[in-house]
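What follows is the content of input-v1.txt (compact mmCIF, C-alpha atoms).
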# COMPACT_ATOMS: atom_id res chain seq x y z
CA MET A 20 0.00 0.00 0.00
CA ARG A 21 1.53 3.28 -1.07
CA THR A 22 1.32 6.34 1.10
CA TYR A 23 0.82 9.67 -0.57
CA VAL A 24 1.63 12.84 1.28
CA ARG A 25 -0.73 15.63 0.40
CA MET A 26 1.12 18.91 0.11
CA GLU A 27 0.68 22.25 -1.54
CA ILE A 28 2.60 22.18 -4.77
CA ALA A 29 3.11 25.34 -6.76
CA CYS A 30 3.61 25.08 -10.50
CA VAL A 31 5.32 27.99 -12.21
CA ILE A 32 5.04 28.10 -16.00
CA ASP A 33 7.27 30.36 -18.04
CA CYS A 34 4.87 31.83 -20.61
CA ARG A 35 7.66 32.23 -23.15
CA LEU A 36 8.59 28.56 -23.11
CA THR A 37 5.49 26.44 -22.84
CA ALA A 38 2.06 26.56 -24.32
CA PRO A 39 -1.06 24.97 -22.90
CA GLU A 40 -1.57 21.58 -24.47
CA ARG A 41 -4.59 21.04 -26.66
CA PRO A 42 -6.53 17.82 -26.60
CA GLY A 43 -5.12 15.10 -28.81
CA HIS A 44 -1.83 16.82 -29.39
CA SER A 45 1.36 16.97 -27.44
CA GLY A 46 2.42 20.55 -27.05
CA GLY A 47 1.33 23.26 -29.43
CA LEU A 48 -0.93 26.23 -29.04
CA ARG A 49 -4.64 26.32 -28.54
CA PRO A 50 -6.63 27.19 -31.63
CA GLY A 51 -6.97 30.92 -31.95
CA ARG A 52 -3.75 31.67 -30.16
CA GLU A 53 -0.64 32.72 -31.94
CA SER A 54 2.92 32.30 -30.96
CA SER A 55 4.23 35.51 -29.46
CA PRO A 56 7.33 36.97 -31.07
CA ASP A 57 9.36 36.68 -27.85
CA ARG A 58 8.62 32.96 -27.50
CA VAL A 59 11.77 30.88 -27.01
CA ALA A 60 11.80 28.05 -29.54
CA ASP A 61 15.39 26.87 -29.19
CA PRO A 62 15.54 23.94 -26.73
CA VAL A 63 18.99 24.81 -25.40
CA ALA A 64 17.96 28.43 -24.83
CA ALA A 65 14.75 27.17 -23.20
CA ALA A 66 16.75 24.98 -20.84
CA GLU A 67 18.97 27.94 -19.97
CA ALA A 68 15.95 30.15 -19.33
CA THR A 69 14.35 27.50 -17.13
CA GLU A 70 17.58 27.08 -15.21
CA ALA A 71 17.76 30.84 -14.66
CA MET A 72 14.19 30.90 -13.38
CA ALA A 73 14.84 27.90 -11.09
CA ARG A 74 17.79 29.73 -9.58
CA ARG A 75 15.71 32.85 -8.97
CA LEU A 76 13.05 30.73 -7.26
CA GLU A 77 15.73 29.03 -5.20
CA GLY A 78 16.74 32.54 -4.25
CA ILE A 79 13.47 32.99 -2.35
CA GLY A 80 14.01 29.66 -0.57
CA ALA A 81 11.98 27.37 -2.79
CA ALA A 82 13.13 23.75 -3.15
CA VAL A 83 12.43 23.34 -6.85
CA GLU A 84 11.83 20.37 -9.07
CA ALA A 85 12.67 21.34 -12.65
CA GLU A 86 12.56 18.41 -15.05
CA ARG A 87 10.95 19.97 -18.12
CA ALA A 88 11.73 23.22 -19.86
CA GLY A 89 9.44 26.04 -18.85
CA GLU A 90 7.86 24.22 -15.89
CA ILE A 91 8.98 24.34 -12.27
CA PHE A 92 7.36 22.88 -9.17
CA PHE A 93 8.05 23.68 -5.55
CA ALA A 94 6.39 23.00 -2.23
CA VAL A 95 4.66 26.02 -0.78
CA GLY A 96 4.72 24.68 2.79
CA GLY A 97 7.68 26.23 4.55
CA LEU A 98 7.64 29.42 2.50
CA ARG A 99 4.35 30.56 3.98
CA GLY A 100 6.05 31.75 7.12
CA LEU A 101 8.47 33.84 5.09
CA TYR A 102 5.96 35.56 2.85
CA GLY A 103 2.92 36.68 4.75
CA GLY A 104 1.65 33.37 6.12
CA ASP A 105 -0.56 32.45 3.17
CA VAL A 106 -0.33 30.94 -0.30
CA ALA A 107 -1.05 34.25 -2.00
CA GLY A 108 2.02 35.78 -0.40
CA VAL A 109 4.21 32.94 -1.65
CA THR A 110 2.88 33.05 -5.21
CA ARG A 111 3.24 36.83 -5.23
CA GLU A 112 6.88 36.52 -4.23
CA ALA A 113 7.46 33.72 -6.77
CA ARG A 114 5.94 35.84 -9.53
CA ARG A 115 8.10 38.79 -8.53
CA SER A 116 11.29 36.76 -8.36
CA ALA A 117 10.69 34.87 -11.61
CA GLY A 118 11.44 38.04 -13.52
CA VAL A 119 9.56 36.87 -16.61
CA PRO A 120 5.88 36.48 -17.38
CA VAL A 121 4.71 33.38 -15.54
CA LEU A 122 1.55 31.49 -14.73
CA ILE A 123 1.28 30.04 -11.23
CA GLY A 124 -1.07 27.46 -9.83
CA VAL A 125 -1.14 25.72 -6.47
CA ALA A 126 -2.64 22.28 -5.87
CA PRO A 127 -1.93 19.03 -4.00
CA THR A 128 -0.50 17.30 -7.11
CA ARG A 129 1.68 18.32 -10.04
CA THR A 130 -1.03 17.59 -12.61
CA ALA A 131 -3.58 19.71 -10.81
CA ALA A 132 -1.07 22.48 -10.14
CA ARG A 133 -0.10 22.61 -13.81
CA ALA A 134 -3.74 22.73 -14.90
CA ALA A 135 -4.46 25.39 -12.28
CA ALA A 136 -1.57 27.49 -13.56
CA GLU A 137 -2.80 27.26 -17.12
CA ARG A 138 -6.14 28.65 -15.97
CA GLY A 139 -4.53 31.62 -14.29
CA GLU A 140 -3.61 31.84 -10.64
CA VAL A 141 -5.82 29.25 -8.96
CA VAL A 142 -5.46 27.49 -5.66
CA VAL A 143 -6.91 23.98 -5.53
CA THR A 144 -7.49 22.73 -2.00
CA PRO A 145 -7.27 19.01 -1.13
CA GLU A 146 -11.05 18.94 -0.71
CA ARG A 147 -11.57 20.29 -4.25
CA LEU A 148 -8.88 18.13 -5.85
CA ALA A 149 -11.11 15.30 -7.06
CA ASN A 150 -13.63 17.68 -8.63
CA PHE A 151 -10.86 19.75 -10.16
CA LEU A 152 -9.13 16.75 -11.77
CA ALA A 153 -12.31 15.05 -13.02
CA PRO A 154 -12.98 17.23 -16.10
CA LEU A 155 -9.33 17.44 -17.17
CA PRO A 156 -8.72 15.66 -20.48
CA THR A 157 -6.55 12.55 -20.50
CA THR A 158 -4.20 14.45 -22.83
CA VAL A 159 -2.63 16.00 -19.73
CA LEU A 160 -1.21 12.56 -18.88
CA PRO A 161 1.71 12.22 -21.31
CA GLY A 162 3.44 15.19 -19.74
CA ARG A 163 3.20 13.60 -16.31
CA LEU A 164 3.79 9.93 -17.04
CA GLY A 165 7.43 10.44 -17.89
CA GLU A 166 9.41 8.68 -20.57
CA PRO A 167 8.83 7.21 -23.03
CA ARG A 168 6.41 9.88 -24.15
CA ARG A 169 5.34 7.89 -27.20
CA ALA A 170 4.07 5.05 -25.00
CA ALA A 171 2.18 7.57 -22.84
CA GLU A 172 0.56 9.11 -25.92
CA ALA A 173 -0.41 5.67 -27.19
CA LEU A 174 -2.08 5.04 -23.82
CA VAL A 175 -4.12 8.23 -24.18
CA VAL A 176 -5.21 7.26 -27.69
CA SER A 177 -6.23 3.79 -26.48
CA LEU A 178 -8.20 5.31 -23.62
CA GLU A 179 -10.00 7.67 -26.00
CA ARG A 180 -10.95 4.74 -28.22
CA LEU A 181 -12.54 3.19 -25.16
CA GLY A 182 -14.48 6.38 -24.57
CA ILE A 183 -12.35 7.51 -21.66
CA GLY A 184 -11.49 11.11 -22.37
CA THR A 185 -11.25 12.65 -18.91
CA LEU A 186 -9.45 11.91 -15.68
CA GLY A 187 -12.85 11.57 -14.01
CA ALA A 188 -13.79 8.71 -16.34
CA LEU A 189 -10.38 7.15 -15.91
CA ARG A 190 -10.62 7.34 -12.14
CA ARG A 191 -13.73 5.17 -12.14
CA LEU A 192 -11.86 2.24 -13.70
CA HIS A 193 -10.78 -0.54 -11.40
CA HIS A 194 -7.17 -0.94 -10.45
CA ASP A 195 -7.10 -4.55 -11.73
CA GLN A 196 -8.64 -3.59 -15.07
CA MET A 197 -5.95 -0.98 -15.69
CA ALA A 198 -3.17 -3.33 -14.62
CA ASP A 199 -4.51 -6.07 -16.85
CA ARG A 200 -4.99 -3.91 -19.92
CA PHE A 201 -2.24 -1.28 -19.71
CA GLY A 202 0.36 -2.55 -17.24
CA PRO A 203 2.47 -0.26 -15.03
CA LEU A 204 1.92 2.79 -17.24
CA GLY A 205 -1.84 2.38 -16.92
CA LEU A 206 -1.59 2.09 -13.15
CA ARG A 207 0.50 5.22 -13.02
CA ALA A 208 -2.10 7.05 -15.09
CA LEU A 209 -4.81 5.80 -12.76
CA ARG A 210 -2.96 7.09 -9.71
CA ILE A 211 -2.55 10.50 -11.34
CA ALA A 212 -6.27 10.59 -12.13
CA ARG A 213 -7.00 9.77 -8.48
CA GLY A 214 -4.70 12.52 -7.25
CA GLU A 215 -2.06 10.15 -5.96
CA GLU A 216 1.30 11.39 -7.14
CA GLU A 217 4.78 10.82 -5.80
CA PRO A 218 6.18 13.58 -3.58
CA LEU A 219 8.27 16.30 -5.19
CA ARG A 220 11.90 15.47 -5.77
CA PRO A 221 13.53 18.85 -5.30
CA ARG A 222 17.01 19.24 -6.65
CA VAL A 223 19.96 20.24 -4.54
CA PRO A 224 20.59 23.94 -5.14
CA HIS A 225 23.94 24.53 -6.77
CA GLU A 226 25.90 27.54 -7.75
CA ASP A 227 26.06 28.71 -11.30
CA LEU A 228 29.52 29.01 -12.80
CA VAL A 229 29.46 29.79 -16.48
CA GLU A 230 31.76 31.56 -18.91
CA GLU A 231 31.01 32.64 -22.45
CA ILE A 232 33.26 33.86 -25.20
CA GLU A 233 32.19 35.64 -28.38
CA LEU A 234 33.84 34.34 -31.52
CA PRO A 235 34.88 36.38 -34.56
CA GLU A 236 33.17 35.36 -37.75
CA GLY A 237 34.49 32.29 -39.50
CA VAL A 238 36.42 30.80 -36.58
CA ALA A 239 37.09 27.10 -37.10
CA GLY A 240 39.73 24.41 -36.65
CA SER A 241 42.68 25.23 -34.45
CA GLN A 242 41.36 28.76 -33.79
CA LEU A 243 38.25 27.22 -32.32
CA ASP A 244 40.41 24.93 -30.19
CA ARG A 245 42.32 27.95 -28.90
CA ALA A 246 39.09 29.76 -28.10
CA LEU A 247 37.97 26.72 -26.13
CA GLY A 248 41.29 26.69 -24.29
CA LEU A 249 40.77 30.32 -23.35
CA LEU A 250 37.26 29.55 -22.18
CA VAL A 251 38.53 26.68 -20.01
CA ASP A 252 41.15 28.96 -18.47
CA ARG A 253 38.52 31.59 -17.72
CA LEU A 254 36.20 29.06 -16.11
CA LEU A 255 38.98 27.70 -13.92
CA ALA A 256 40.13 31.20 -13.00
CA ALA A 257 36.66 32.33 -11.94
CA PRO A 258 36.72 33.38 -8.27
CA ALA A 259 33.36 31.68 -7.75
CA ARG A 260 35.06 28.31 -8.20
CA LYS A 261 36.81 28.89 -4.86
CA GLY A 262 39.49 26.33 -5.60
CA ARG A 263 37.03 23.48 -5.97
CA THR A 264 37.33 20.77 -8.56
CA LEU A 265 34.72 20.21 -11.24
CA LEU A 266 32.68 17.04 -11.73
CA GLY A 267 31.38 17.82 -15.20
CA VAL A 268 30.87 20.64 -17.65
CA ARG A 269 28.39 21.60 -20.33
CA LEU A 270 29.88 22.96 -23.52
CA GLY A 271 27.44 24.99 -25.55
CA ALA A 272 27.51 27.18 -28.61
CA ARG A 273 25.33 29.84 -30.21
CA LEU A 274 25.28 29.11 -33.91
CA CYS A 275 25.74 31.75 -36.62
CA GLY A 276 22.75 30.51 -38.56
CA GLY A 277 20.51 30.71 -35.49
CA GLY A 278 19.84 28.04 -32.91
CA SER A 279 22.25 26.55 -30.45
CA TRP A 280 24.08 23.37 -29.51
CA SER A 281 25.26 21.87 -26.26
CA VAL A 282 26.84 18.72 -24.95
CA ASP A 283 27.49 17.49 -21.39
CA GLN A 284 30.88 16.08 -20.51
CA GLY A 285 31.66 14.25 -17.30
CA LEU A 286 35.24 14.33 -16.09
CA GLY A 287 35.44 10.80 -14.71
CA ARG A 288 36.94 12.07 -11.48
CA PRO A 289 36.93 15.53 -9.90
CA SER A 290 39.41 17.74 -11.69
CA ALA A 291 40.40 21.34 -12.13
CA ALA A 292 43.25 20.73 -14.54
CA ALA A 293 43.03 22.82 -17.69
CA GLY A 294 44.80 20.11 -19.70
CA VAL A 295 42.26 17.47 -18.72
CA LEU A 296 39.33 19.70 -19.62
CA ARG A 297 40.87 20.65 -22.96
CA ARG A 298 41.65 17.06 -23.91
CA LEU A 299 38.08 16.03 -23.15
CA LEU A 300 36.36 18.98 -24.75
CA VAL A 301 38.32 19.57 -27.94
CA PRO A 302 37.06 16.34 -29.57
CA ARG A 303 33.49 17.35 -28.65
CA LEU A 304 33.82 20.43 -30.85
CA GLU A 305 33.66 18.10 -33.85
CA GLY A 306 29.99 17.67 -33.02
CA LEU A 307 29.29 21.35 -33.72
CA PRO A 308 26.66 21.35 -36.45
CA GLY A 309 27.81 24.66 -37.97
CA PRO A 310 29.83 27.83 -37.44
CA ALA A 311 29.43 29.26 -33.95
CA GLU A 312 29.27 32.88 -32.89
CA ALA A 313 29.78 32.16 -29.18
CA LEU A 314 31.02 29.33 -27.00
CA ARG A 315 29.76 28.78 -23.46
CA LEU A 316 31.13 26.55 -20.72
CA ARG A 317 29.14 25.79 -17.57
CA ALA A 318 30.25 23.85 -14.51
CA LEU A 319 27.75 21.08 -13.81
CA GLY A 320 28.93 20.16 -10.35
CA PHE A 321 31.70 20.81 -7.89
CA GLY A 322 33.99 18.34 -6.22
CA PRO A 323 36.27 18.83 -3.24
CA PRO A 324 38.98 21.48 -3.36
CA ALA A 325 42.26 19.97 -4.49
CA ALA A 326 45.65 21.52 -4.00
CA ASP A 327 47.43 18.41 -5.30
CA GLN A 328 45.46 18.14 -8.48
CA LEU A 329 44.64 14.71 -9.88
CA VAL A 330 44.91 14.34 -13.62
CA MET A 331 43.35 11.62 -15.72
CA GLU A 332 46.45 11.03 -17.80
CA VAL A 333 49.99 11.01 -16.51
CA GLY A 334 52.27 12.94 -18.79
CA GLY A 335 55.74 11.50 -19.51
CA SER A 336 57.20 8.16 -18.46
CA GLU A 337 58.85 9.13 -15.18
CA PRO A 338 55.69 9.66 -13.07
CA ARG A 339 54.27 6.44 -14.49
CA ARG A 340 57.46 4.57 -13.60
CA ARG A 341 57.40 5.99 -10.09
CA ARG A 342 53.79 4.95 -9.54
CA LEU A 343 54.39 1.51 -10.99
CA GLY A 344 57.37 1.05 -8.66
CA ALA A 345 55.24 1.99 -5.67
CA ALA A 346 52.56 -0.48 -6.78
CA VAL A 347 55.16 -3.29 -7.15
CA ARG A 348 56.49 -2.68 -3.65
CA GLU A 349 53.00 -2.58 -2.23
CA VAL A 350 51.99 -5.91 -3.83
CA ARG A 351 55.20 -7.62 -2.68
CA ALA A 352 54.79 -6.30 0.85
CA ALA A 353 51.27 -7.68 0.99
CA GLN A 354 51.62 -10.96 -0.92
CA GLY A 355 55.29 -11.97 -0.70
CA ALA A 356 58.33 -11.65 -2.91
CA ASP A 357 57.12 -14.18 -5.50
CA ALA A 358 53.75 -12.54 -5.91
CA LEU A 359 54.81 -10.51 -8.91
CA LEU A 360 56.51 -12.22 -11.83
CA ARG A 361 56.75 -11.53 -15.50
CA VAL A 362 57.11 -13.61 -18.61
CA LEU A 363 60.33 -12.77 -20.41
CA PRO A 364 60.42 -13.81 -24.08
CA VAL A 365 63.93 -15.13 -24.83
CA ASP A 366 63.70 -17.21 -28.00
CA THR A 367 60.18 -16.90 -29.29
CA GLY A 368 60.94 -18.66 -32.59
CA SER A 369 62.51 -21.78 -31.03
CA ARG A 370 61.15 -25.16 -32.12
CA VAL A 371 61.69 -26.38 -28.56
CA PRO A 372 58.76 -24.93 -26.61
CA GLU A 373 60.43 -24.69 -23.19
CA ARG A 374 63.14 -22.43 -24.59
CA ARG A 375 60.81 -19.69 -25.76
CA ASP A 376 59.92 -17.92 -22.48
CA LEU A 377 61.30 -17.50 -18.98
CA LEU A 378 59.38 -16.68 -15.82
CA THR A 379 61.36 -14.04 -13.93
CA PRO A 380 60.78 -11.84 -10.87
CA PHE A 381 59.26 -8.49 -11.80
CA PRO A 382 62.13 -5.99 -11.59
CA GLU A 383 62.20 -3.29 -8.91
CA LEU A 384 61.56 0.12 -10.45
CA MET B 27 61.64 -17.75 -6.31
CA ALA B 28 65.40 -18.20 -6.60
CA GLY B 29 65.76 -17.05 -10.18
CA PRO B 30 64.32 -17.36 -13.64
CA ARG B 31 62.68 -20.63 -14.58
CA ARG B 32 61.54 -21.97 -17.89
CA LEU B 33 57.91 -21.85 -18.83
CA ASN B 34 56.20 -24.80 -20.45
CA GLU B 35 58.61 -27.51 -19.32
CA PRO B 36 57.71 -31.07 -20.55
CA ARG B 37 55.80 -33.21 -18.07
CA PRO B 38 55.94 -37.00 -18.01
CA VAL B 39 52.81 -38.75 -19.22
CA ALA B 40 51.79 -42.42 -19.61
CA VAL B 41 51.34 -43.25 -23.28
CA ARG B 42 50.75 -46.64 -24.90
CA ALA B 43 51.83 -46.69 -28.51
CA ALA B 44 51.22 -48.99 -31.44
CA GLY B 45 53.99 -50.87 -33.17
CA ASP B 46 54.67 -47.98 -35.54
CA GLY B 47 55.16 -45.62 -32.56
CA THR B 48 51.78 -43.83 -32.91
CA PRO B 49 50.08 -43.15 -29.54
CA ARG B 50 46.96 -45.28 -28.84
CA THR B 51 46.11 -44.13 -25.32
CA VAL B 52 47.20 -41.26 -23.07
CA GLY B 53 46.66 -42.40 -19.50
CA PRO B 54 43.26 -44.14 -19.53
CA VAL B 55 41.94 -42.10 -22.47
CA ALA B 56 41.98 -43.44 -26.01
CA VAL B 57 43.44 -41.40 -28.84
CA GLU B 58 40.77 -40.48 -31.35
CA ALA B 59 43.07 -39.10 -34.04
CA VAL B 60 46.58 -37.87 -34.68
CA ARG B 61 46.10 -34.38 -36.07
CA GLU B 62 49.74 -33.71 -36.83
CA GLU B 63 53.20 -35.05 -36.10
CA TRP B 64 56.69 -33.65 -36.50
CA LEU B 65 60.28 -34.26 -35.54
CA VAL B 66 62.53 -31.86 -33.64
CA GLU B 67 66.27 -32.45 -33.72
CA ASP B 68 68.51 -29.95 -32.06
CA ARG B 69 71.96 -29.65 -30.48
CA TRP B 70 73.16 -32.61 -32.50
CA TRP B 71 76.59 -30.99 -32.39
CA THR B 72 76.75 -31.31 -28.59
CA PRO B 73 77.22 -34.34 -26.29
CA ARG B 74 73.53 -33.98 -25.31
CA PRO B 75 71.56 -33.86 -28.55
CA LEU B 76 67.80 -33.42 -28.45
CA ARG B 77 65.57 -35.66 -30.59
CA ARG B 78 61.81 -35.59 -30.12
CA HIS B 79 58.89 -37.00 -32.06
CA TYR B 80 55.86 -34.76 -31.45
CA PHE B 81 52.23 -35.82 -31.89
CA GLU B 82 49.28 -33.47 -31.78
CA LEU B 83 46.40 -35.64 -30.64
CA ALA B 84 42.63 -35.48 -30.40
CA LEU B 85 41.53 -37.59 -27.43
CA ALA B 86 38.31 -39.52 -27.04
CA ASP B 87 37.20 -37.22 -24.18
CA GLY B 88 37.38 -34.19 -26.49
CA ARG B 89 40.69 -32.76 -25.35
CA ALA B 90 43.48 -31.72 -27.68
CA LEU B 91 46.92 -32.67 -26.39
CA THR B 92 50.48 -32.48 -27.67
CA VAL B 93 52.87 -35.24 -26.55
CA PHE B 94 56.35 -36.23 -27.65
CA ARG B 95 58.57 -39.30 -27.36
CA ASP B 96 62.17 -38.72 -26.46
CA ALA B 97 64.10 -40.66 -29.08
CA ASP B 98 67.05 -41.24 -26.74
CA ASP B 99 65.36 -42.87 -23.77
CA GLY B 100 61.91 -43.66 -25.21
CA ARG B 101 60.01 -41.75 -22.46
CA TRP B 102 56.81 -39.85 -23.21
CA PHE B 103 56.04 -36.25 -22.21
CA ARG B 104 53.21 -33.81 -22.76
CA GLN B 105 53.87 -30.22 -23.61
CA ARG B 106 52.06 -27.18 -24.99
CA ALA B 107 53.75 -26.73 -28.35

Could I get this file's structure written as structure tokens?
Amino acid sequence: MRTYVRMEIACVIDCRLTAPERPGHSGGLRPGRESSPDRVADPVAAAEATEAMARRLEGIGAAVEAERAGEIFFAVGGLRGLYGGDVAGVTREARRSAGVPVLIGVAPTRTAARAAAERGEVVVTPERLANFLAPLPTTVLPGRLGEPRRAAEALVVSLERLGIGTLGALRRLHHDQMADRFGPLGLRALRIARGEEEPLRPRVPHEDLVEEIELPEGVAGSQLDRALGLLVDRLLAAPARKGRTLLGVRLGARLCGGGSWSVDQGLGRPSAAAGVLRRLLVPRLEGLPGPAEALRLRALGFGPPAADQLVMEVGGSEPRRRRLGAAVREVRAAQGADALLRVLPVDTGSRVPERRDLLTPFPEL
Amino acid sequence: MAGPRRLNEPRPVAVRAAGDGTPRTVGPVAVEAVREEWLVEDRWWTPRPLRRHYFELALADGRALTVFRDADDGRWFRQRA
């Protein structure tokens, strides 16, 4: 038996990034509405804008869940005490801090909060939740069911063929029927229709460290590599890094022909070595789909500060030899002198098999 | 380990051979087929020459095994060739 904690969830929708969904279609505008000229269509730019809004909301103390561009959830609960003691005070502060035109709705579940936001600022109480969800079309489900979206959309189409077009109709189905016919996805849809959603999974707030460099027209090849090197140096030199290592970076570019591109690169182990970053990122530039007018590098996570910096690749043979020698001594100390041997080829072409190789102690380095 | 030692030294093995010298059994296992055979003669210019008759065998239990007969003393050995 699952336990669902009823809480007040606020949904903040960036009007520039998302449009209310129309029945039978994923995304898109409602008939009669036109896309506004300041709408952000580029997915990378949309992700950046959402990230910026999430940070501003974190700035007022909200623990945000931001998994889709243009849509952010946070729990109202603890913020009441900070902003006037009621929901209206919290939403007012969220609207002010967002800094862009937003729609805000508050309800006990994400689905209801999103729908409430799309209708303008509406607060749905737990008592009203069932009645509020009932008339919502099943087309709201794909956005909430998670990946794969295609499977979720197929579920909605199947439900419509069965004459189930609203969450109210869906809610009346029996648990066993849904499990039998639609499996885990169907059960998840049923729980959403009944107002039983998982608690919010707020992200851990992290600092934003990003550097951008404008590129002269026509930069390519080794010039682009040098620009990336400069960008890496600037990111590592940023005072906000405070000597900490990086766990990963996101390399992005604004393209000359419009649009943008980005790729995430993990570092394998925490590092703040410019050489390591360059070696990992330069090959990624080959994925650039066209000439770029700007490169951007963002730190995706911070590791511990490191004075004695680890590098992924040891340059030159001497450090490698030193480390190998230490490893040999360590193994011998633990396992005995004969623990480490090596096969020494002496006469590999001999017709007498026992003359080809010798087993010798591994030499001290 | 005192010093270097040879890898793949010959190990004695019990072989029963036919009249023409071809192995028939290795231990209790019958020889299914002789896949290849060859002679190795070496150090014939020294007081201790080396003369071996190698047989690459397929045994009845599915194993592949290489054995040789020392031409000087007639003893059999197995060895990875």

Item to check | Spatial neighbours of A:Gly97, max dist 12 Å, all atoms listed in the file, sep filter under 6 positions, as a ChimeraX atom specification | outcome: /A:26-28,79-82,103-106,109

Next on the checklist: Report, in Å with one decimal, the straight-line distance from atom CA of A:Gly285 to atom CA of A:Asp61.
Outcome noted: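 Atom CA of A:Gly285 sits 23.8 Å away from atom CA of A:Asp61.
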
Item to check | Proximity to chain B - best of A:Ala272, A:Ala292, A:Leu378, A:Leu189, only C-alpha atoms | outcome: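 The answer is A:Leu378, which sits nearest to chain B.
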
Next on the checklist: Can you tell me which residues surround B:Pro30 at a distance of at most 12 Å, considering only C-alpha atoms, apart from same-chain residues fewer than 2 positions away, and format the answer as a PyMOL selection string?
Outcome noted: (chain A and resi 357+360-365+376-382) or (chain B and resi 27-28+32-33)

Residue hits in chain B, query chain A, radius 12 Å, only C-alpha atoms, as a PDB file with C-alpha atoms, in the frame of the given file:
ATOM      1  CA  MET B  27      61.640 -17.750  -6.310  1.00  0.00           C
ATOM      2  CA  ALA B  28      65.400 -18.200  -6.600  1.00  0.00           C
ATOM      3  CA  GLY B  29      65.760 -17.050 -10.180  1.00  0.00           C
ATOM      4  CA  PRO B  30      64.320 -17.360 -13.640  1.00  0.00           C
ATOM      5  CA  ARG B  31      62.680 -20.630 -14.580  1.00  0.00           C
ATOM      6  CA  ARG B  32      61.540 -21.970 -17.890  1.00  0.00           C
ATOM      7  CA  LEU B  33      57.910 -21.850 -18.830  1.00  0.00           C
ATOM      8  CA  ASN B  34      56.200 -24.800 -20.450  1.00  0.00           C
ATOM      9  CA  GLU B  35      58.610 -27.510 -19.320  1.00  0.00           C
ATOM     10  CA  PRO B  36      57.710 -31.070 -20.550  1.00  0.00           C
ATOM     11  CA  ARG B  37      55.800 -33.210 -18.070  1.00  0.00           C
ATOM     12  CA  TRP B  64      56.690 -33.650 -36.500  1.00  0.00           C
ATOM     13  CA  LEU B  65      60.280 -34.260 -35.540  1.00  0.00           C
ATOM     14  CA  VAL B  66      62.530 -31.860 -33.640  1.00  0.00           C
ATOM     15  CA  GLU B  67      66.270 -32.450 -33.720  1.00  0.00           C
ATOM     16  CA  ASP B  68      68.510 -29.950 -32.060  1.00  0.00           C
ATOM     17  CA  ARG B  69      71.960 -29.650 -30.480  1.00  0.00           C
ATOM     18  CA  LEU B  76      67.800 -33.420 -28.450  1.00  0.00           C
ATOM     19  CA  ARG B  77      65.570 -35.660 -30.590  1.00  0.00           C
ATOM     20  CA  ARG B  78      61.810 -35.590 -30.120  1.00  0.00           C
ATOM     21  CA  HIS B  79      58.890 -37.000 -32.060  1.00  0.00           C
ATOM     22  CA  TYR B  80      55.860 -34.760 -31.450  1.00  0.00           C
ATOM     23  CA  THR B  92      50.480 -32.480 -27.670  1.00  0.00           C
ATOM     24  CA  VAL B  93      52.870 -35.240 -26.550  1.00  0.00           C
ATOM     25  CA  PHE B  94      56.350 -36.230 -27.650  1.00  0.00           C
ATOM     26  CA  ARG B 104      53.210 -33.810 -22.760  1.00  0.00           C
ATOM     27  CA  GLN B 105      53.870 -30.220 -23.610  1.00  0.00           C
ATOM     28  CA  ARG B 106      52.060 -27.180 -24.990  1.00  0.00           C
ATOM     29  CA  ALA B 107      53.750 -26.730 -28.350  1.00  0.00           C
TER      30      ALA B 107
END

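Interatomic distance, atom CA of A:Leu247 against atom CA of A:His225: 24.0 Å.
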
Checklist entry - Of the candidates B:Phe103, B:Val39, B:Glu82, B:Pro75, which one gets nearest to B:Pro54 if we count all atoms listed in the file? => result B:Val39

Checklist outcome for this item: Computed gap from atom CA of A:Ala208 to atom CA of A:Glu86 is 18.5 Å

Item to check | Expected residue set, 8 Å radius at (61.9, -42.8, -32.3), only C-alpha atoms, as an MDAnalysis selection string | outcome: chainID B and resid 47 78:79 95:98 100

Item to check | Residues near A:Leu209, cut-off 12 Å, all atoms listed in the file, skip fewer than 2 positions along chain, as a ChimeraX atom specification | outcome: /A:152-153,157,160,163-164,174-175,178,183,185-198,201-207,211-216

Go ahead and write the residues just picked, C-alpha atoms, as a compact mmCIF listing (two decimals), in the frame of the given file.
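Wrote it out as selection16.txt, contents follow:
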# COMPACT_ATOMS: atom_id res chain seq x y z
CA LEU A 152 -9.13 16.75 -11.77
CA ALA A 153 -12.31 15.05 -13.02
CA THR A 157 -6.55 12.55 -20.50
CA LEU A 160 -1.21 12.56 -18.88
CA ARG A 163 3.20 13.60 -16.31
CA LEU A 164 3.79 9.93 -17.04
CA LEU A 174 -2.08 5.04 -23.82
CA VAL A 175 -4.12 8.23 -24.18
CA LEU A 178 -8.20 5.31 -23.62
CA ILE A 183 -12.35 7.51 -21.66
CA THR A 185 -11.25 12.65 -18.91
CA LEU A 186 -9.45 11.91 -15.68
CA GLY A 187 -12.85 11.57 -14.01
CA ALA A 188 -13.79 8.71 -16.34
CA LEU A 189 -10.38 7.15 -15.91
CA ARG A 190 -10.62 7.34 -12.14
CA ARG A 191 -13.73 5.17 -12.14
CA LEU A 192 -11.86 2.24 -13.70
CA HIS A 193 -10.78 -0.54 -11.40
CA HIS A 194 -7.17 -0.94 -10.45
CA ASP A 195 -7.10 -4.55 -11.73
CA GLN A 196 -8.64 -3.59 -15.07
CA MET A 197 -5.95 -0.98 -15.69
CA ALA A 198 -3.17 -3.33 -14.62
CA PHE A 201 -2.24 -1.28 -19.71
CA GLY A 202 0.36 -2.55 -17.24
CA PRO A 203 2.47 -0.26 -15.03
CA LEU A 204 1.92 2.79 -17.24
CA GLY A 205 -1.84 2.38 -16.92
CA LEU A 206 -1.59 2.09 -13.15
CA ARG A 207 0.50 5.22 -13.02
CA ILE A 211 -2.55 10.50 -11.34
CA ALA A 212 -6.27 10.59 -12.13
CA ARG A 213 -7.00 9.77 -8.48
CA GLY A 214 -4.70 12.52 -7.25
CA GLU A 215 -2.06 10.15 -5.96
CA GLU A 216 1.30 11.39 -7.14
